[in-house]
>>> print(open('model-v9.pdb').read())   # PDB, C-alpha atoms
ATOM      1  CA  MET A 197     -17.431 101.158 142.228
ATOM      2  CA  SER A 198     -16.459 103.924 144.672
ATOM      3  CA  GLU A 199     -14.327 103.166 147.692
ATOM      4  CA  PRO A 200     -16.151 103.112 151.047
ATOM      5  CA  LYS A 201     -16.037 106.406 152.880
ATOM      6  CA  ASN A 202     -13.763 106.474 155.908
ATOM      7  CA  ASP A 203     -15.542 108.378 158.681
ATOM      8  CA  ASN A 204     -12.527 108.182 160.985
ATOM      9  CA  PRO A 205      -9.961 110.959 160.323
ATOM     10  CA  PRO A 206      -6.298 109.914 160.222
ATOM     11  CA  PRO A 207      -4.593 110.150 163.615
ATOM     12  CA  ARG A 208      -2.662 113.324 164.251
ATOM     13  CA  LYS A 209       1.068 113.030 164.414
ATOM     14  CA  ARG A 210       2.233 113.258 168.016
ATOM     15  CA  LYS A 211       4.326 116.324 168.733
ATOM     16  CA  GLY A 212       7.734 115.958 170.275
ATOM     17  CA  THR A 213       8.501 117.397 173.706
ATOM     18  CA  THR A 214      10.681 120.134 172.192
ATOM     19  CA  ALA A 215       7.850 121.322 169.954
ATOM     20  CA  VAL A 216       5.401 121.389 172.845
ATOM     21  CA  ILE A 217       7.730 123.443 175.055
ATOM     22  CA  LYS A 218       8.482 125.887 172.213
ATOM     23  CA  GLU A 219       4.766 126.408 171.641
ATOM     24  CA  LEU A 220       4.278 127.105 175.341
ATOM     25  CA  VAL A 221       6.980 129.756 175.201
ATOM     26  CA  LYS A 222       5.346 131.331 172.126
ATOM     27  CA  ASP A 223       1.938 131.312 173.830
ATOM     28  CA  LEU A 224       3.445 133.064 176.836
ATOM     29  CA  GLU A 225       4.848 135.754 174.538
ATOM     30  CA  LYS A 226       1.397 136.276 172.966
ATOM     31  CA  GLU A 227      -0.200 136.508 176.387
ATOM     32  CA  ILE A 228       2.309 139.117 177.501
ATOM     33  CA  SER A 229       1.867 141.256 174.395
ATOM     34  CA  SER A 230      -1.936 141.253 174.729
ATOM     35  CA  HIS A 231      -1.916 142.699 178.251
ATOM     36  CA  PRO A 232      -0.802 146.056 179.674
ATOM     37  CA  PRO A 233       2.925 145.891 180.334
ATOM     38  CA  ASP A 234       2.900 145.855 184.115
ATOM     39  CA  GLU A 235       6.079 145.196 186.039
ATOM     40  CA  GLN A 236       5.734 141.413 186.059
ATOM     41  CA  SER A 237       5.008 141.021 182.347
ATOM     42  CA  ARG A 238       7.838 143.406 181.413
ATOM     43  CA  LYS A 239      10.228 141.288 183.429
ATOM     44  CA  ILE A 240       9.062 138.066 181.752
ATOM     45  CA  ALA A 241       9.221 139.646 178.292
ATOM     46  CA  SER A 242      12.790 140.809 178.898
ATOM     47  CA  VAL A 243      13.827 137.326 179.982
ATOM     48  CA  LEU A 244      12.325 135.510 177.017
ATOM     49  CA  LYS A 245      14.915 136.493 174.465
ATOM     50  CA  LYS A 246      15.897 134.039 171.743
ATOM     51  CA  GLU A 247      18.930 132.627 173.550
ATOM     52  CA  ASP A 248      16.921 132.382 176.789
ATOM     53  CA  LYS A 249      14.154 130.468 175.045
ATOM     54  CA  GLU A 250      16.678 127.945 173.778
ATOM     55  CA  HIS A 251      18.134 127.611 177.273
ATOM     56  CA  ILE A 252      14.660 127.074 178.764
ATOM     57  CA  VAL A 253      13.842 124.425 176.182
ATOM     58  CA  LYS A 254      17.091 122.544 176.816
ATOM     59  CA  ALA A 255      16.713 122.756 180.602
ATOM     60  CA  CYS A 256      13.102 121.548 180.500
ATOM     61  CA  LEU A 257      13.999 118.721 178.144
ATOM     62  CA  LEU A 258      16.877 117.616 180.357
ATOM     63  CA  ASP A 259      14.717 117.637 183.495
ATOM     64  CA  PHE A 260      12.008 115.735 181.641
ATOM     65  CA  TYR A 261      14.462 113.144 180.300
ATOM     66  CA  ASN A 262      16.107 112.629 183.706
ATOM     67  CA  ALA A 263      12.755 112.176 185.436
ATOM     68  CA  GLU A 264      11.585 109.715 182.789
ATOM     69  CA  GLU A 265      14.820 107.711 182.975
ATOM     70  CA  LEU A 266      14.361 107.202 186.727
ATOM     71  CA  LYS A 267      10.743 106.033 186.542
ATOM     72  CA  PRO A 268      11.420 102.378 185.558
ATOM     73  CA  TYR A 269      13.821 102.064 188.506
ATOM     74  CA  GLN A 270      11.328 103.747 190.823
ATOM     75  CA  ALA A 271       8.764 101.159 189.693
ATOM     76  CA  GLU A 272      11.260  98.390 190.538
ATOM     77  CA  LEU A 273      11.738  99.900 193.998
ATOM     78  CA  ILE A 274       7.994  99.455 194.593
ATOM     79  CA  LYS A 275       8.298  95.777 193.613
ATOM     80  CA  MET A 276      11.244  95.406 195.974
ATOM     81  CA  GLN A 277       9.278  97.108 198.741
ATOM     82  CA  ASN A 278       6.381  94.704 198.223
ATOM     83  CA  HIS A 279       8.793  91.765 198.366
ATOM     84  CA  LEU A 280      10.212  92.958 201.689
ATOM     85  CA  GLU A 281       6.696  93.220 203.088
ATOM     86  CA  ARG A 282       5.746  89.715 201.905
ATOM     87  CA  THR A 283       8.909  88.094 203.251
ATOM     88  CA  GLY A 284       9.195  90.106 206.470
ATOM     89  CA  LYS A 285      12.725  91.228 205.685
ATOM     90  CA  LYS A 286      14.104  94.623 206.691
ATOM     91  CA  MET A 287      16.354  97.115 204.942
ATOM     92  CA  ILE A 288      18.570  99.855 206.380
ATOM     93  CA  ILE A 289      20.239 102.318 204.023
ATOM     94  CA  LEU A 290      22.820 104.768 205.342
ATOM     95  CA  PHE A 291      23.383 108.035 203.459
ATOM     96  CA  ASP A 292      26.667 109.484 204.679
ATOM     97  CA  GLY A 293      29.450 111.507 203.065
ATOM     98  CA  ARG A 294      30.413 115.061 202.229
ATOM     99  CA  ASP A 295      28.150 118.026 202.865
ATOM    100  CA  ALA A 296      26.206 119.122 199.762
ATOM    101  CA  SER A 297      26.881 115.776 198.083
ATOM    102  CA  GLY A 298      23.245 115.142 197.122
ATOM    103  CA  LYS A 299      22.131 112.747 199.853
ATOM    104  CA  GLY A 300      18.769 114.411 200.489
ATOM    105  CA  GLY A 301      17.896 114.759 196.800
ATOM    106  CA  THR A 302      18.682 111.103 196.199
ATOM    107  CA  ILE A 303      16.484 110.042 199.135
ATOM    108  CA  ARG A 304      13.583 112.091 197.736
ATOM    109  CA  ARG A 305      13.862 110.432 194.313
ATOM    110  CA  LEU A 306      14.145 106.982 195.865
ATOM    111  CA  THR A 307      11.022 107.331 197.976
ATOM    112  CA  ARG A 308       8.911 109.429 195.598
ATOM    113  CA  TYR A 309       6.516 106.621 194.586
ATOM    114  CA  MET A 310       7.043 104.207 197.478
ATOM    115  CA  ASN A 311       4.306 103.165 199.886
ATOM    116  CA  GLY A 312       4.695 105.730 202.660
ATOM    117  CA  LYS A 313       3.509 103.216 205.265
ATOM    118  CA  ARG A 314       6.442 100.894 204.595
ATOM    119  CA  TYR A 315       9.444 103.230 204.741
ATOM    120  CA  ARG A 316      10.828 105.931 207.031
ATOM    121  CA  VAL A 317      13.442 108.630 206.489
ATOM    122  CA  THR A 318      15.366 109.353 209.680
ATOM    123  CA  ALA A 319      17.550 112.427 210.165
ATOM    124  CA  LEU A 320      18.496 112.674 213.827
ATOM    125  CA  GLY A 321      19.585 115.979 215.315
ATOM    126  CA  LYS A 322      22.116 116.524 218.064
ATOM    127  CA  PRO A 323      21.782 114.157 221.038
ATOM    128  CA  ASN A 324      20.305 115.655 224.181
ATOM    129  CA  GLU A 325      22.119 115.593 227.513
ATOM    130  CA  TYR A 326      20.468 112.320 228.519
ATOM    131  CA  GLN A 327      21.340 110.616 225.209
ATOM    132  CA  LYS A 328      24.964 111.702 225.547
ATOM    133  CA  THR A 329      25.277 109.427 228.576
ATOM    134  CA  GLU A 330      24.049 106.380 226.634
ATOM    135  CA  LEU A 331      25.618 104.087 224.055
ATOM    136  CA  HIS A 332      26.161 106.119 220.873
ATOM    137  CA  MET A 333      24.307 103.535 218.765
ATOM    138  CA  LYS A 334      21.244 103.376 221.021
ATOM    139  CA  ARG A 335      19.246 106.247 219.565
ATOM    140  CA  TYR A 336      19.846 104.884 216.058
ATOM    141  CA  ILE A 337      18.876 101.341 217.043
ATOM    142  CA  GLU A 338      15.600 102.764 218.327
ATOM    143  CA  GLN A 339      14.849 103.843 214.740
ATOM    144  CA  PHE A 340      15.524 100.445 213.143
ATOM    145  CA  PRO A 341      12.908  98.983 210.774
ATOM    146  CA  HIS A 342      10.177  96.532 211.655
ATOM    147  CA  ALA A 343       9.600  93.466 209.489
ATOM    148  CA  GLY A 344       8.837  94.472 205.900
ATOM    149  CA  GLU A 345      10.058  98.051 206.384
ATOM    150  CA  ILE A 346      12.841 100.225 204.949
ATOM    151  CA  VAL A 347      14.588 102.906 206.991
ATOM    152  CA  LEU A 348      16.796 105.459 205.249
ATOM    153  CA  PHE A 349      19.198 107.327 207.536
ATOM    154  CA  ASP A 350      20.057 110.821 206.295
ATOM    155  CA  ARG A 351      23.397 110.696 208.092
ATOM    156  CA  SER A 352      23.863 107.797 210.449
ATOM    157  CA  TRP A 353      25.823 106.578 213.458
ATOM    158  CA  TYR A 354      28.909 107.147 211.289
ATOM    159  CA  ASN A 355      28.763 110.816 212.221
ATOM    160  CA  ARG A 356      30.922 109.581 215.113
ATOM    161  CA  ALA A 357      33.608 108.620 212.572
ATOM    162  CA  MET A 358      33.545 111.829 210.491
ATOM    163  CA  VAL A 359      31.813 115.030 211.595
ATOM    164  CA  GLU A 360      32.000 114.602 215.379
ATOM    165  CA  PRO A 361      35.783 114.133 215.804
ATOM    166  CA  ILE A 362      36.578 116.947 213.355
ATOM    167  CA  MET A 363      34.168 119.439 214.913
ATOM    168  CA  GLY A 364      35.021 118.469 218.492
ATOM    169  CA  PHE A 365      31.603 116.914 219.212
ATOM    170  CA  CYS A 366      33.184 113.762 220.689
ATOM    171  CA  THR A 367      36.417 112.880 222.456
ATOM    172  CA  LYS A 368      39.327 111.076 220.852
ATOM    173  CA  ALA A 369      38.632 108.058 223.076
ATOM    174  CA  GLN A 370      34.984 107.948 221.961
ATOM    175  CA  TYR A 371      36.046 108.152 218.315
ATOM    176  CA  GLN A 372      38.572 105.319 218.658
ATOM    177  CA  ARG A 373      36.164 103.139 220.628
ATOM    178  CA  PHE A 374      33.515 103.607 217.955
ATOM    179  CA  LEU A 375      35.863 102.535 215.152
ATOM    180  CA  LYS A 376      36.832  99.456 217.122
ATOM    181  CA  LYS A 377      33.283  98.325 217.979
ATOM    182  CA  VAL A 378      30.997  99.471 215.156
ATOM    183  CA  THR A 379      31.391  96.565 212.722
ATOM    184  CA  SER A 380      30.727  94.007 215.448
ATOM    185  CA  TYR A 381      27.545  95.928 216.340
ATOM    186  CA  GLU A 382      26.488  95.793 212.711
ATOM    187  CA  GLU A 383      27.151  92.083 212.359
ATOM    188  CA  ASN A 384      25.453  91.133 215.633
ATOM    189  CA  PHE A 385      22.509  93.509 215.910
ATOM    190  CA  ILE A 386      21.860  94.854 212.434
ATOM    191  CA  LEU A 387      22.567  92.158 209.887
ATOM    192  CA  ASP A 388      20.394  89.873 212.002
ATOM    193  CA  ALA A 389      21.355  86.515 210.448
ATOM    194  CA  GLY A 390      20.260  87.570 206.965
ATOM    195  CA  LYS A 391      16.911  89.109 207.978
ATOM    196  CA  THR A 392      18.210  92.662 207.618
ATOM    197  CA  ILE A 393      19.902  94.152 204.564
ATOM    198  CA  LEU A 394      22.357  96.929 205.414
ATOM    199  CA  LEU A 395      23.652  99.266 202.724
ATOM    200  CA  LYS A 396      26.295 101.840 203.651
ATOM    201  CA  LEU A 397      26.547 104.640 201.075
ATOM    202  CA  TYR A 398      29.185 107.379 201.139
ATOM    203  CA  PHE A 399      28.370 110.268 198.785
ATOM    204  CA  SER A 400      31.534 111.830 197.420
ATOM    205  CA  VAL A 401      31.630 115.245 195.720
ATOM    206  CA  SER A 402      34.608 117.200 194.417
ATOM    207  CA  LYS A 403      35.798 120.260 196.317
ATOM    208  CA  GLU A 404      34.968 122.538 193.378
ATOM    209  CA  GLU A 405      31.426 121.193 193.013
ATOM    210  CA  GLN A 406      30.847 121.406 196.759
ATOM    211  CA  ALA A 407      31.886 125.076 196.705
ATOM    212  CA  ARG A 408      29.496 125.763 193.828
ATOM    213  CA  ARG A 409      26.610 124.139 195.699
ATOM    214  CA  PHE A 410      27.375 126.060 198.892
ATOM    215  CA  GLU A 411      27.344 129.305 196.916
ATOM    216  CA  ARG A 412      23.954 128.413 195.491
ATOM    217  CA  ARG A 413      22.618 127.741 198.981
ATOM    218  CA  LYS A 414      23.824 131.121 200.204
ATOM    219  CA  ASN A 415      22.022 132.940 197.392
ATOM    220  CA  ASP A 416      18.820 130.884 197.209
ATOM    221  CA  ALA A 417      16.157 131.618 199.815
ATOM    222  CA  LEU A 418      14.692 128.135 199.286
ATOM    223  CA  ARG A 419      18.011 126.454 200.102
ATOM    224  CA  GLN A 420      19.513 128.675 202.805
ATOM    225  CA  TRP A 421      18.084 126.453 205.558
ATOM    226  CA  LYS A 422      20.466 123.709 204.387
ATOM    227  CA  LEU A 423      23.530 125.690 205.443
ATOM    228  CA  SER A 424      24.814 124.439 208.784
ATOM    229  CA  GLU A 425      27.717 125.098 211.101
ATOM    230  CA  VAL A 426      29.574 122.188 209.517
ATOM    231  CA  ASP A 427      28.808 123.360 205.957
ATOM    232  CA  LEU A 428      30.382 126.744 206.610
ATOM    233  CA  GLN A 429      33.686 125.063 207.528
ATOM    234  CA  ALA A 430      33.631 122.120 205.104
ATOM    235  CA  GLN A 431      35.847 123.755 202.487
ATOM    236  CA  GLU A 432      38.485 124.851 204.994
ATOM    237  CA  LEU A 433      38.452 121.409 206.610
ATOM    238  CA  TRP A 434      38.483 119.498 203.314
ATOM    239  CA  GLY A 435      41.729 117.700 204.109
ATOM    240  CA  GLU A 436      40.571 116.641 207.571
ATOM    241  CA  PHE A 437      37.349 115.182 206.169
ATOM    242  CA  THR A 438      39.334 113.338 203.501
ATOM    243  CA  GLU A 439      41.591 111.788 206.139
ATOM    244  CA  LYS A 440      38.589 110.699 208.202
ATOM    245  CA  LYS A 441      37.106 109.127 205.085
ATOM    246  CA  ARG A 442      40.307 107.119 204.558
ATOM    247  CA  ILE A 443      40.269 105.854 208.152
ATOM    248  CA  LEU A 444      36.546 105.112 207.886
ATOM    249  CA  LEU A 445      37.091 102.838 204.883
ATOM    250  CA  GLU A 446      40.168 101.244 206.387
ATOM    251  CA  LYS A 447      38.470 100.386 209.701
ATOM    252  CA  THR A 448      34.797  99.824 208.854
ATOM    253  CA  HIS A 449      34.648  98.336 205.338
ATOM    254  CA  THR A 450      34.316  94.566 205.831
ATOM    255  CA  GLU A 451      33.150  91.663 203.693
ATOM    256  CA  LYS A 452      29.862  91.494 205.611
ATOM    257  CA  SER A 453      29.412  95.248 206.031
ATOM    258  CA  LYS A 454      30.689  97.012 202.925
ATOM    259  CA  TRP A 455      30.860 100.665 202.022
ATOM    260  CA  TRP A 456      29.810 101.885 198.575
ATOM    261  CA  ILE A 457      31.141 105.212 197.322
ATOM    262  CA  ILE A 458      28.740 107.226 195.157
ATOM    263  CA  ARG A 459      30.390 109.854 192.936
ATOM    264  CA  SER A 460      27.806 112.638 192.958
ATOM    265  CA  ASP A 461      29.120 115.610 190.988
ATOM    266  CA  ASN A 462      26.432 114.616 188.471
ATOM    267  CA  LYS A 463      23.321 114.405 190.649
ATOM    268  CA  HIS A 464      21.194 112.530 188.129
ATOM    269  CA  LEU A 465      23.742 109.779 187.558
ATOM    270  CA  ALA A 466      24.270 109.442 191.305
ATOM    271  CA  ARG A 467      20.523 109.016 191.849
ATOM    272  CA  ARG A 468      20.109 106.498 189.033
ATOM    273  CA  GLU A 469      23.102 104.394 190.035
ATOM    274  CA  THR A 470      22.077 104.441 193.712
ATOM    275  CA  MET A 471      18.721 102.993 192.708
ATOM    276  CA  LYS A 472      20.480 100.224 190.776
ATOM    277  CA  LEU A 473      22.725  99.464 193.739
ATOM    278  CA  ILE A 474      19.745  99.114 196.073
ATOM    279  CA  LEU A 475      17.816  96.963 193.596
ATOM    280  CA  ASN A 476      20.844  94.706 193.124
ATOM    281  CA  SER A 477      21.116  94.128 196.880
ATOM    282  CA  ILE A 478      18.184  91.685 197.027
ATOM    283  CA  LYS A 479      16.369  89.210 194.787
ATOM    284  CA  TYR A 480      12.686  90.049 194.462
ATOM    285  CA  VAL A 481       9.696  88.739 192.523
ATOM    286  CA  GLY A 482       8.803  90.453 189.254
ATOM    287  CA  ARG A 483      12.200  91.940 188.499
ATOM    288  CA  SER A 484      12.272  93.424 184.994
ATOM    289  CA  ARG A 485      14.080  91.319 182.400
ATOM    290  CA  THR A 486      14.692  94.238 180.037
ATOM    291  CA  LEU A 487      15.846  97.040 182.345
ATOM    292  CA  ASP A 488      19.589  97.662 182.638
ATOM    293  CA  PHE A 489      20.685  97.002 186.222
ATOM    294  CA  SER A 490      24.431  97.113 185.539
ATOM    295  CA  MET A 491      26.114  99.816 187.594
ATOM    296  CA  ASP A 492      28.493 102.446 186.239
ATOM    297  CA  PRO A 493      31.897 101.689 187.823
ATOM    298  CA  ASN A 494      32.785 105.380 187.574
ATOM    299  CA  ILE A 495      29.825 106.293 189.793
ATOM    300  CA  VAL A 496      29.466 103.338 192.198
ATOM    301  CA  ILE A 497      32.767 102.214 193.703
ATOM    302  CA  PRO A 498      33.286  99.516 196.377
ATOM    303  CA  GLY A 499      34.899 100.879 199.539
ATOM    304  CA  ASP A 500      38.029  98.727 199.282
ATOM    305  CA  ILE A 501      38.652  99.905 195.706
ATOM    306  CA  GLU A 502      38.215 103.531 196.780
ATOM    307  CA  LEU A 503      40.667 103.001 199.631
ATOM    308  CA  LYS A 504      43.325 101.663 197.236
ATOM    309  CA  LYS A 505      42.755 104.677 194.997
ATOM    310  CA  MET A 506      43.142 107.062 197.928
ATOM    311  CA  LYS A 507      46.420 105.442 198.965
ATOM    312  CA  LYS A 508      47.797 105.741 195.419
ATOM    313  CA  GLU A 509      46.853 109.425 195.331
ATOM    314  CA  GLN A 510      48.503 109.891 198.723
ATOM    315  CA  LYS A 511      51.799 108.596 197.323
ATOM    316  CA  LYS A 512      51.529 110.521 194.065
ATOM    317  CA  TYR A 513      50.132 113.886 195.194
ATOM    318  CA  GLY A 514      50.802 113.896 198.931
ATOM    319  CA  ALA A 515      47.070 113.690 199.726
ATOM    320  CA  PRO A 516      43.951 111.956 198.336
ATOM    321  CA  LEU A 517      41.851 114.115 196.013
ATOM    322  CA  LEU A 518      38.374 113.122 197.290
TER
END
>>> encode(input="model-v9.pdb", output="structure tokens")
Amino acid sequence: MSEPKNDNPPPRKRKGTTAVIKELVKDLEKEISSHPPDEQSRKIASVLKKEDKEHIVKACLLDFYNAEELKPYQAELIKMQNHLERTGKKMIILFDGRDASGKGGTIRRLTRYMNGKRYRVTALGKPNEYQKTELHMKRYIEQFPHAGEIVLFDRSWYNRAMVEPIMGFCTKAQYQRFLKKVTSYEENFILDAGKTILLKLYFSVSKEEQARRFERRKNDALRQWKLSEVDLQAQELWGEFTEKKRILLEKTHTEKSKWWIIRSDNKHLARRETMKLILNSIKYVGRSRTLDFSMDPNIVIPGDIELKKMKKEQKKYGAPLL
């Protein structure tokens, strides 16, 4: 007796990402060779040499892998956002730190899939003449979240503790008064008896990596807008910014209002670990039981631990390194 005929063909083996990208590169080569060699196609053909193809494949694979690794955490951020909305809690996340340390890129990855109605990104410019006569915190307080909302500050009121005193944008008395009062403001007006979650993030980049990123901004038309007056002096004023960071941690890292240092030479790791830090800051319904939420201690460092490290480096080298 003959076996019954199987009308369904066997499923095709799924191609790996590398194979797909390589085929795309080959198809591009075929397309170029089948058309008159105008200026654009000649340029592409000259670029797609063997070693360049391998570089393209590796770069595409790395970007693909990094994006895929973030997606489970981005899904958790949506769950957290829904929890905040249901419970009426608020979240404020401060993104401060060195220039070119990856704050903006991290914010974009964090908010990529979030409900746009339930979060705001705030990046305040220079205060106007009227605002200069008011309490420094006032214009930031005006941007605080409503119930169920997240506000992410791309640079915060802590400009008064770092950029402003170095660049001469505030007086010494204003700087000292800010350091003395800021944590009491946070405890009284921001933390709000547990209704508001405040996360203070300081993005830390090495001097060499900062220089490399500045150079890229200078030569990239899509990034030149990022260069500011402060950026152009950041390398020369590296030591001054480091000292202000030390004072910042010494005066404004408290048990109720902690700083978290994010090592950001590796942008992808900084983004992933920042997501974990935020997700670990609150209990929410539906949290994944299989996803790894443990933070890399080489990337996410509590402010008091960073301060101890800076003091050790001061004794050993004469100045902290970061």
>>> atom_distance(input="model-v9.pdb", atom1="atom CA of Lys507 of chain A", atom2="atom CA of Lys441 of chain A")
11.7 Å
>>> residues_around(input="model-v9.pdb", residues="Trp455 of chain A", least_positions_apart="5", cutoff="10 Å", atoms="only C-alpha atoms", output="ChimeraX atom specification")
/A:290,394-398,444-445,448-450,497-500,502
>>> resolve_selection(input="model-v9.pdb", expression="the PyMOL selection byres ((chain A and resi 303) around 10)", output="list in words")
Ile289, Phe291, Gly298, Lys299, Gly300, Gly301, Thr302, Arg304, Arg305, Leu306, Thr307, Arg308, Val317, Leu348, Phe349, Asp350, Arg467, Thr470 and Met471 of chain A
>>> atom_distance(input="model-v9.pdb", atom1="atom CA of Gln406 of chain A", atom2="atom CA of Gln339 of chain A")
29.8 Å
>>> atom_distance(input="model-v9.pdb", atom1="atom CA of Gly293 of chain A", atom2="atom CA of Glu451 of chain A")
20.2 Å
>>> closest_residue(input="model-v9.pdb", among="A:Glu425, A:Glu436, A:Asp388, A:Asp416", to="Lys452 of chain A", atoms="all atoms listed in the file")
A:Asp388
>>> closest_residue(input="model-v9.pdb", among="A:Ser297, A:Asn355, A:Thr283, A:Thr329", to="His464 of chain A", atoms="all atoms listed in the file")
A:Ser297
>>> resolve_selection(input="model-v9.pdb", expression="the PyMOL selection byres ((chain A and resi 496) around 9)", output="JSON list (two decimals) with C-alpha atoms, in the coordinates of the input")
[["chain", "number", "residue", "atom", "x", "y", "z"],
["A", 456, "TRP", "CA", 29.81, 101.88, 198.58],
["A", 457, "ILE", "CA", 31.14, 105.21, 197.32],
["A", 458, "ILE", "CA", 28.74, 107.23, 195.16],
["A", 459, "ARG", "CA", 30.39, 109.85, 192.94],
["A", 466, "ALA", "CA", 24.27, 109.44, 191.30],
["A", 469, "GLU", "CA", 23.10, 104.39, 190.04],
["A", 470, "THR", "CA", 22.08, 104.44, 193.71],
["A", 473, "LEU", "CA", 22.72, 99.46, 193.74],
["A", 491, "MET", "CA", 26.11, 99.82, 187.59],
["A", 492, "ASP", "CA", 28.49, 102.45, 186.24],
["A", 493, "PRO", "CA", 31.90, 101.69, 187.82],
["A", 494, "ASN", "CA", 32.78, 105.38, 187.57],
["A", 495, "ILE", "CA", 29.82, 106.29, 189.79],
["A", 497, "ILE", "CA", 32.77, 102.21, 193.70],
["A", 498, "PRO", "CA", 33.29, 99.52, 196.38]]
>>> closest_atom_pairs(input="model-v9.pdb", of="segment 265-347 of chain A", to="segment 475-481 of chain A", cutoff="10 Å", atoms="all atoms listed in the file", output="JSON lines")
{"residue": "A:Tyr269", "atom": "CA", "partner": "A:Leu475", "partner_atom": "CA", "distance": 8.2}
{"residue": "A:Gln270", "atom": "CA", "partner": "A:Leu475", "partner_atom": "CA", "distance": 9.8}
{"residue": "A:Glu272", "atom": "CA", "partner": "A:Leu475", "partner_atom": "CA", "distance": 7.4}
{"residue": "A:Leu273", "atom": "CA", "partner": "A:Leu475", "partner_atom": "CA", "distance": 6.8}
{"residue": "A:Lys275", "atom": "CA", "partner": "A:Val481", "partner_atom": "CA", "distance": 7.3}
{"residue": "A:Met276", "atom": "CA", "partner": "A:Tyr480", "partner_atom": "CA", "distance": 5.8}
{"residue": "A:Gln277", "atom": "CA", "partner": "A:Tyr480", "partner_atom": "CA", "distance": 8.9}
{"residue": "A:Asn278", "atom": "CA", "partner": "A:Tyr480", "partner_atom": "CA", "distance": 8.7}
{"residue": "A:His279", "atom": "CA", "partner": "A:Tyr480", "partner_atom": "CA", "distance": 5.8}
{"residue": "A:Leu280", "atom": "CA", "partner": "A:Tyr480", "partner_atom": "CA", "distance": 8.2}
{"residue": "A:Thr283", "atom": "CA", "partner": "A:Tyr480", "partner_atom": "CA", "distance": 9.8}
{"residue": "A:Met287", "atom": "CA", "partner": "A:Ile478", "partner_atom": "CA", "distance": 9.8}
>>> closest_residue(input="model-v9.pdb", among="A:Leu428, A:Leu518, A:Cys256, A:Ile346", to="Arg442 of chain A", atoms="all atoms listed in the file")
A:Leu518
>>> resolve_selection(input="model-v9.pdb", expression="the PyMOL selection byres ((chain A and resi 509-516) around 12)", output="count of residues only")
20
>>> closest_residue(input="model-v9.pdb", among="A:Lys422, A:Lys322, A:Lys447, A:Arg314", to="Gln372 of chain A", atoms="all atoms listed in the file")
A:Lys447
>>> residues_around(input="model-v9.pdb", residues="Gly284 of chain A", least_positions_apart="6", cutoff="10 Å", atoms="only C-alpha atoms", output="list in words")
Asn278, His342, Ala343, Gly344, Glu345, Lys391 and Thr392 of chain A
>>> closest_residue(input="model-v9.pdb", among="A:Ser453, A:Ile362, A:Phe260, A:Lys472", to="Leu487 of chain A", atoms="only C-alpha atoms")
A:Lys472
